[in-house]
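What follows is a set of notes on a single structure, which appears directly below.
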Amino acid sequence: MPARAVHADTRPLWDRLRTNRNWLALWFMLPAAAFLILFLAYPLGLGIWMSFTDERIGRTGVFVGLENYEWLWSDSIFWL
C-alpha cells in the first residue's frame, strides 16, 4: 500500500478556522453562551455578592459577611 503524501494547508489561520467543521459548532454556540452569561450567570453572581452586603435601593452596600444569613437563621418568619 503506497504512503499518502501529506500536504500542509497554506491558507491563513483565520480562513482555516472559519471553514473547519470542528470550529463551526463553536461559532454557533457563542451567541447562546453570551446570552447565558449575560442574563443568567451575571445576575446570579451579583445576587450572591449582594447577599454579603447591606445594600439598599439608592445606595451602595458595605460588606457585612455572613450577618444577613445569621439574621435569617434566627428569623421565625423565614422558617415558615
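Labels for the C-alpha cells follow display order: chains A, B, ..., residues from 1 in each chain, ligands from 1.
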Sorted per-residue table, range 44-68 of chain A near range 73-79 of chain A, closest atoms and distance, 12 Å, only C-alpha atoms, as a tab-separated table:
```
residue	atom	partner	partner_atom	distance
A:Leu66	CA	A:Trp73	CA	10.6
A:Glu67	CA	A:Trp73	CA	9.8
A:Asn68	CA	A:Trp73	CA	8.7
```
If you keep C-alpha atoms, can you produce a file of those selected residues as a PDB file, in the first residue's frame?
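Wrote result-v6.pdb, looks like this:
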```
ATOM      1  CA  LEU A  66     -22.475  36.310  56.948  1.00  0.00           C
ATOM      2  CA  GLU A  67     -24.532  38.769  59.009  1.00  0.00           C
ATOM      3  CA  ASN A  68     -27.530  38.539  56.639  1.00  0.00           C
TER       4      ASN A  68
END
```
| said: Using DSSP secondary structure from the backbone, list all alpha helix (DSSP H) positions within chain A, as JSON, numbers by chain. | reply: {"A": [13, 14, 15, 16, 17, 18, 19, 21, 22, 23, 24, 25, 26, 27, 28, 29, 30, 31, 32, 33, 34, 35, 36, 42, 43, 44, 45, 46, 47, 48, 49, 50, 67, 68, 69, 70, 71, 72, 73, 76, 77, 78, 79]}
Keeping C-alpha atoms for every residue in the selection just given, could you write it to a file as a CSV table (one decimal), in the first residue's frame?
```csv
chain,number,residue,atom,x,y,z
A,13,LEU,CA,-5.2,30.6,10.2
A,14,TRP,CA,-8.4,32.7,10.1
A,15,ASP,CA,-9.6,31.1,6.9
A,16,ARG,CA,-8.9,27.6,8.2
A,17,LEU,CA,-10.8,28.3,11.5
A,18,ARG,CA,-13.7,29.8,9.6
A,19,THR,CA,-14.2,26.8,7.4
A,21,ARG,CA,-16.2,21.8,10.7
A,22,ASN,CA,-14.9,21.3,14.3
A,23,TRP,CA,-14.9,25.0,14.9
A,24,LEU,CA,-18.3,25.5,13.3
A,25,ALA,CA,-20.1,24.3,16.4
A,26,LEU,CA,-18.2,26.8,18.5
A,27,TRP,CA,-19.2,29.7,16.2
A,28,PHE,CA,-22.9,28.6,16.6
A,29,MET,CA,-22.6,28.3,20.4
A,30,LEU,CA,-21.0,31.6,21.0
A,31,PRO,CA,-24.3,33.7,20.8
A,32,ALA,CA,-26.0,31.3,23.2
A,33,ALA,CA,-23.1,31.3,25.6
A,34,ALA,CA,-23.0,35.1,25.6
A,35,PHE,CA,-26.8,35.2,26.3
A,36,LEU,CA,-26.5,32.7,29.2
A,42,TYR,CA,-24.0,37.7,35.9
A,43,PRO,CA,-27.3,38.2,37.8
A,44,LEU,CA,-26.6,35.1,39.9
A,45,GLY,CA,-23.1,36.2,40.8
A,46,LEU,CA,-24.4,39.8,41.6
A,47,GLY,CA,-27.1,38.4,43.8
A,48,ILE,CA,-24.7,36.2,45.7
A,49,TRP,CA,-22.3,39.2,46.1
A,50,MET,CA,-25.2,41.4,47.3
A,67,GLU,CA,-24.5,38.8,59.0
A,68,ASN,CA,-27.5,38.5,56.6
A,69,TYR,CA,-27.5,34.7,56.9
A,70,GLU,CA,-27.3,34.8,60.6
A,71,TRP,CA,-30.3,37.2,60.7
A,72,LEU,CA,-32.3,34.8,58.5
A,73,TRP,CA,-31.3,31.8,60.7
A,76,SER,CA,-39.0,32.9,62.8
A,77,ILE,CA,-41.0,34.2,59.7
A,78,PHE,CA,-38.3,33.0,57.4
A,79,TRP,CA,-38.7,29.4,58.7
```
### Query
In Å, with one decimal, what is the gap from CA of Val62 in chain A to CA of Phe39 in chain A?
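These two atoms are separated by 25.1 Å.
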